[in-house]
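S.K.: Can you read through this structure? Questions will come right after.
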Amino acid sequence: MSATAMSIKPLRVYIMEPQPLLGKALFRMLSDDEELVVAGESTAFNAESLTRTRPDLILADWDEDFNSIADLVQGCRHAAPQVRICVLTAHLSAPQMMRAISAGVDGYVAKDVSPAELLACLKQVAVDGFYADPRLTKVLLRSRAKHEGVQLSKRELDVVRLVAEGLSNKEIASRLMLSDKTVKNHIANIFAKLDLSARTQIAVYAIRNGLL
């Protein structure tokens, strides 16, 4: 989804927030952005509501029931198969983020971000299909183990590292001084070499194997 397409068709976000006060704050914040629309809201997982509203993205608070992330993802995807899921959490923990991503979450956002940063994170998940707090991915990458057997070029390794840090294609292109098309080509090659099919999988692979 391009920025232009998003401006024509707003991103439909579903808020899943057990705390009414925070839920209202999120509703107001998202409603004030012309590129977003609140498709629905609930205080817990509600399959019927998700099926009825058909959101593009779910913003779910992952603090109240921290142990059930896999069940949450499975339930959301059953109710809305194409939906992307972004969790909002107070847990600035690299292992917990890895657990969430491995369960199929598309975005991991800490609650200490500013409102503007939260909106940017949601839009990045919509455009690129993945966002992870860069503070946590850097911790995981520092504790990497050497990976053997996959022949990626130095530039491809650079792209993998930046995907794992949560950068968008545009940000990667700017950081590496490449065109957007070149970055897309590198990502396509990475998909082929690693036998992956989604940007989230690149990030998980990078974090698990320490590719730089």
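Starting from 1 in every chain, residues are counted up; chains themselves are A, B, ... following the order of the structure tokens, and ligands are numbered from 1 as listed.
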Quick one: everything within 7 Å of stretch 32-41 of chain A, counting only C-alpha atoms, minus sequence neighbours fewer than 5 positions away in the same chain. Send it as a PyMOL selection string.
M.R.: chain A and resi 6-7+10-16+27+53+55
S.K.: Please, could you write that set of residues out with N, CA, C and O atoms as a PDB file, in the first residue's frame?
M.R.:
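Once everything was written out, this is part.pdb:
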```pdb
ATOM      1  N   MET A   6      -2.962   5.127   0.463  1.00  0.00           N
ATOM      2  CA  MET A   6      -3.468   5.229   1.812  1.00  0.00           C
ATOM      3  C   MET A   6      -4.269   6.505   2.000  1.00  0.00           C
ATOM      4  O   MET A   6      -5.247   6.544   2.741  1.00  0.00           O
ATOM      5  N   SER A   7      -3.853   7.608   1.292  1.00  0.00           N
ATOM      6  CA  SER A   7      -4.556   8.870   1.439  1.00  0.00           C
ATOM      7  C   SER A   7      -5.926   8.816   0.770  1.00  0.00           C
ATOM      8  O   SER A   7      -6.851   9.517   1.168  1.00  0.00           O
ATOM      9  N   PRO A  10      -8.336   5.323   3.481  1.00  0.00           N
ATOM     10  CA  PRO A  10      -7.705   5.320   4.805  1.00  0.00           C
ATOM     11  C   PRO A  10      -7.496   3.906   5.350  1.00  0.00           C
ATOM     12  O   PRO A  10      -8.273   2.989   5.061  1.00  0.00           O
ATOM     13  N   LEU A  11      -6.458   3.757   6.121  1.00  0.00           N
ATOM     14  CA  LEU A  11      -6.153   2.488   6.775  1.00  0.00           C
ATOM     15  C   LEU A  11      -7.187   2.239   7.872  1.00  0.00           C
ATOM     16  O   LEU A  11      -7.361   3.058   8.766  1.00  0.00           O
ATOM     17  N   ARG A  12      -7.854   1.112   7.796  1.00  0.00           N
ATOM     18  CA  ARG A  12      -8.896   0.772   8.767  1.00  0.00           C
ATOM     19  C   ARG A  12      -8.272   0.023   9.947  1.00  0.00           C
ATOM     20  O   ARG A  12      -7.815  -1.106   9.802  1.00  0.00           O
ATOM     21  N   VAL A  13      -8.262   0.685  11.099  1.00  0.00           N
ATOM     22  CA  VAL A  13      -7.612   0.135  12.287  1.00  0.00           C
ATOM     23  C   VAL A  13      -8.658  -0.282  13.321  1.00  0.00           C
ATOM     24  O   VAL A  13      -9.608   0.466  13.597  1.00  0.00           O
ATOM     25  N   TYR A  14      -8.466  -1.452  13.887  1.00  0.00           N
ATOM     26  CA  TYR A  14      -9.331  -1.954  14.959  1.00  0.00           C
ATOM     27  C   TYR A  14      -8.553  -1.878  16.265  1.00  0.00           C
ATOM     28  O   TYR A  14      -7.437  -2.388  16.367  1.00  0.00           O
ATOM     29  N   ILE A  15      -9.129  -1.231  17.268  1.00  0.00           N
ATOM     30  CA  ILE A  15      -8.473  -1.064  18.566  1.00  0.00           C
ATOM     31  C   ILE A  15      -8.957  -2.139  19.527  1.00  0.00           C
ATOM     32  O   ILE A  15     -10.152  -2.287  19.759  1.00  0.00           O
ATOM     33  N   MET A  16      -8.008  -2.896  20.107  1.00  0.00           N
ATOM     34  CA  MET A  16      -8.326  -3.908  21.100  1.00  0.00           C
ATOM     35  C   MET A  16      -7.616  -3.505  22.396  1.00  0.00           C
ATOM     36  O   MET A  16      -6.426  -3.770  22.580  1.00  0.00           O
ATOM     37  N   PHE A  27      -8.531   5.986  20.389  1.00  0.00           N
ATOM     38  CA  PHE A  27      -9.587   6.292  19.420  1.00  0.00           C
ATOM     39  C   PHE A  27      -9.454   7.726  18.927  1.00  0.00           C
ATOM     40  O   PHE A  27      -9.500   7.993  17.723  1.00  0.00           O
ATOM     41  N   THR A  53     -16.345  -5.969  10.906  1.00  0.00           N
ATOM     42  CA  THR A  53     -15.708  -4.698  10.558  1.00  0.00           C
ATOM     43  C   THR A  53     -14.602  -4.834   9.516  1.00  0.00           C
ATOM     44  O   THR A  53     -14.255  -3.871   8.847  1.00  0.00           O
ATOM     45  N   PRO A  55     -11.150  -5.071   9.459  1.00  0.00           N
ATOM     46  CA  PRO A  55     -10.090  -4.054   9.506  1.00  0.00           C
ATOM     47  C   PRO A  55      -8.864  -4.469   8.695  1.00  0.00           C
ATOM     48  O   PRO A  55      -8.673  -5.653   8.383  1.00  0.00           O
TER      49      PRO A  55
END
```
S.K.: When DSSP works through the backbone of this structure, what residues of stretch 151-206 of chain A end up as alpha helix (DSSP H), shown as a VMD selection string?
M.R.: chain A and resid 154 to 164 169 to 176 180 to 194 199 to 206
S.K.: Find the residues around A:Val105 up to 10 Å (only C-alpha atoms counted), leave out those fewer than 2 positions away in its own chain, and share them as a VMD selection string.
M.R.: chain A and resid 69 to 70 72 to 73 84 to 87 97 to 103 107 to 108 129 to 132 200
S.K.: With DSSP run on the backbone, what are the strand (DSSP E or B) residues within stretch 61-188 of chain A? I'd like them as a ChimeraX atom specification.
M.R.: /A:61,84-89,107-110,131-132
S.K.: For all heavy atoms, I'd like the residues from the last selection saved as an mmCIF file, in the first residue's frame.
M.R.:
```cif
data_model
loop_
_atom_site.group_PDB
_atom_site.id
_atom_site.type_symbol
_atom_site.label_atom_id
_atom_site.label_comp_id
_atom_site.auth_asym_id
_atom_site.auth_seq_id
_atom_site.Cartn_x
_atom_site.Cartn_y
_atom_site.Cartn_z
ATOM 1 N N ASP A 61 -3.552 -4.184 22.729
ATOM 2 C CA ASP A 61 -2.779 -4.063 23.964
ATOM 3 C C ASP A 61 -2.397 -5.470 24.411
ATOM 4 O O ASP A 61 -3.255 -6.341 24.583
ATOM 5 C CB ASP A 61 -3.644 -3.373 25.032
ATOM 6 C CG ASP A 61 -2.842 -3.007 26.271
ATOM 7 O OD1 ASP A 61 -2.057 -3.853 26.750
ATOM 8 O OD2 ASP A 61 -3.004 -1.875 26.766
ATOM 9 N N ARG A 84 -3.392 -7.388 9.523
ATOM 10 C CA ARG A 84 -2.081 -7.275 10.145
ATOM 11 C C ARG A 84 -2.273 -6.925 11.616
ATOM 12 O O ARG A 84 -3.231 -6.229 11.966
ATOM 13 C CB ARG A 84 -1.227 -6.233 9.422
ATOM 14 C CG ARG A 84 -0.755 -6.755 8.070
ATOM 15 C CD ARG A 84 -0.008 -5.745 7.263
ATOM 16 N NE ARG A 84 0.525 -6.363 6.048
ATOM 17 C CZ ARG A 84 0.991 -5.702 5.014
ATOM 18 N NH1 ARG A 84 0.982 -4.377 5.014
ATOM 19 N NH2 ARG A 84 1.451 -6.337 3.958
ATOM 20 N N ILE A 85 -1.380 -7.411 12.457
ATOM 21 C CA ILE A 85 -1.553 -7.280 13.895
ATOM 22 C C ILE A 85 -0.356 -6.556 14.490
ATOM 23 O O ILE A 85 0.795 -6.977 14.300
ATOM 24 C CB ILE A 85 -1.706 -8.656 14.559
ATOM 25 C CG1 ILE A 85 -2.894 -9.416 13.947
ATOM 26 C CG2 ILE A 85 -1.886 -8.517 16.070
ATOM 27 C CD1 ILE A 85 -2.938 -10.876 14.323
ATOM 28 N N CYS A 86 -0.636 -5.470 15.191
ATOM 29 C CA CYS A 86 0.407 -4.695 15.857
ATOM 30 C C CYS A 86 0.090 -4.688 17.345
ATOM 31 O O CYS A 86 -1.004 -4.298 17.747
ATOM 32 C CB CYS A 86 0.432 -3.272 15.306
ATOM 33 S SG CYS A 86 1.761 -2.245 15.980
ATOM 34 N N VAL A 87 1.048 -5.138 18.158
ATOM 35 C CA VAL A 87 0.814 -5.135 19.598
ATOM 36 C C VAL A 87 1.442 -3.899 20.227
ATOM 37 O O VAL A 87 2.520 -3.442 19.830
ATOM 38 C CB VAL A 87 1.346 -6.413 20.277
ATOM 39 C CG1 VAL A 87 0.560 -7.633 19.830
ATOM 40 C CG2 VAL A 87 2.827 -6.614 20.038
ATOM 41 N N LEU A 88 0.735 -3.360 21.217
ATOM 42 C CA LEU A 88 1.194 -2.217 21.991
ATOM 43 C C LEU A 88 1.433 -2.721 23.404
ATOM 44 O O LEU A 88 0.527 -3.271 24.032
ATOM 45 C CB LEU A 88 0.121 -1.122 21.971
ATOM 46 C CG LEU A 88 0.440 0.199 22.662
ATOM 47 C CD1 LEU A 88 1.610 0.896 21.980
ATOM 48 C CD2 LEU A 88 -0.795 1.097 22.653
ATOM 49 N N THR A 89 2.657 -2.564 23.908
ATOM 50 C CA THR A 89 2.998 -3.190 25.171
ATOM 51 C C THR A 89 3.946 -2.337 26.000
ATOM 52 O O THR A 89 4.731 -1.561 25.466
ATOM 53 C CB THR A 89 3.629 -4.578 24.931
ATOM 54 O OG1 THR A 89 4.024 -5.157 26.178
ATOM 55 C CG2 THR A 89 4.851 -4.471 24.035
ATOM 56 N N GLY A 107 3.754 -6.163 14.071
ATOM 57 C CA GLY A 107 4.342 -4.961 14.648
ATOM 58 C C GLY A 107 4.447 -5.077 16.160
ATOM 59 O O GLY A 107 3.552 -5.632 16.810
ATOM 60 N N TYR A 108 5.539 -4.569 16.719
ATOM 61 C CA TYR A 108 5.755 -4.603 18.170
ATOM 62 C C TYR A 108 6.147 -3.192 18.591
ATOM 63 O O TYR A 108 7.229 -2.711 18.273
ATOM 64 C CB TYR A 108 6.866 -5.593 18.519
ATOM 65 C CG TYR A 108 7.007 -5.896 19.997
ATOM 66 C CD1 TYR A 108 6.428 -7.037 20.545
ATOM 67 C CD2 TYR A 108 7.728 -5.055 20.843
ATOM 68 C CE1 TYR A 108 6.554 -7.340 21.892
ATOM 69 C CE2 TYR A 108 7.857 -5.342 22.188
ATOM 70 C CZ TYR A 108 7.277 -6.486 22.716
ATOM 71 O OH TYR A 108 7.407 -6.773 24.055
ATOM 72 N N VAL A 109 5.231 -2.500 19.303
ATOM 73 C CA VAL A 109 5.431 -1.102 19.660
ATOM 74 C C VAL A 109 5.374 -0.951 21.175
ATOM 75 O O VAL A 109 4.414 -1.410 21.816
ATOM 76 C CB VAL A 109 4.357 -0.198 19.024
ATOM 77 C CG1 VAL A 109 4.628 1.270 19.349
ATOM 78 C CG2 VAL A 109 4.306 -0.410 17.510
ATOM 79 N N ALA A 110 6.384 -0.305 21.753
ATOM 80 C CA ALA A 110 6.405 -0.056 23.191
ATOM 81 C C ALA A 110 5.548 1.159 23.525
ATOM 82 O O ALA A 110 5.432 2.099 22.747
ATOM 83 C CB ALA A 110 7.839 0.163 23.663
ATOM 84 N N TYR A 131 7.055 -4.008 11.667
ATOM 85 C CA TYR A 131 7.755 -3.017 12.490
ATOM 86 C C TYR A 131 8.130 -3.682 13.810
ATOM 87 O O TYR A 131 7.318 -4.365 14.433
ATOM 88 C CB TYR A 131 6.890 -1.787 12.800
ATOM 89 C CG TYR A 131 7.594 -0.860 13.768
ATOM 90 C CD1 TYR A 131 8.528 0.062 13.303
ATOM 91 C CD2 TYR A 131 7.379 -0.955 15.137
ATOM 92 C CE1 TYR A 131 9.217 0.878 14.189
ATOM 93 C CE2 TYR A 131 8.071 -0.143 16.030
ATOM 94 C CZ TYR A 131 8.983 0.769 15.550
ATOM 95 O OH TYR A 131 9.678 1.559 16.425
ATOM 96 N N ALA A 132 9.375 -3.471 14.228
ATOM 97 C CA ALA A 132 9.832 -3.935 15.536
ATOM 98 C C ALA A 132 10.635 -2.816 16.167
ATOM 99 O O ALA A 132 11.394 -2.124 15.482
ATOM 100 C CB ALA A 132 10.680 -5.194 15.398
#
```
S.K.: Excluding same-chain residues fewer than 6 positions from A:Glu165, what lies within 8 Å of it counting only C-alpha atoms, as a list in words?
M.R.: Ala132, Asp133, Pro134, Thr137, Lys138 and Ala203 of chain A
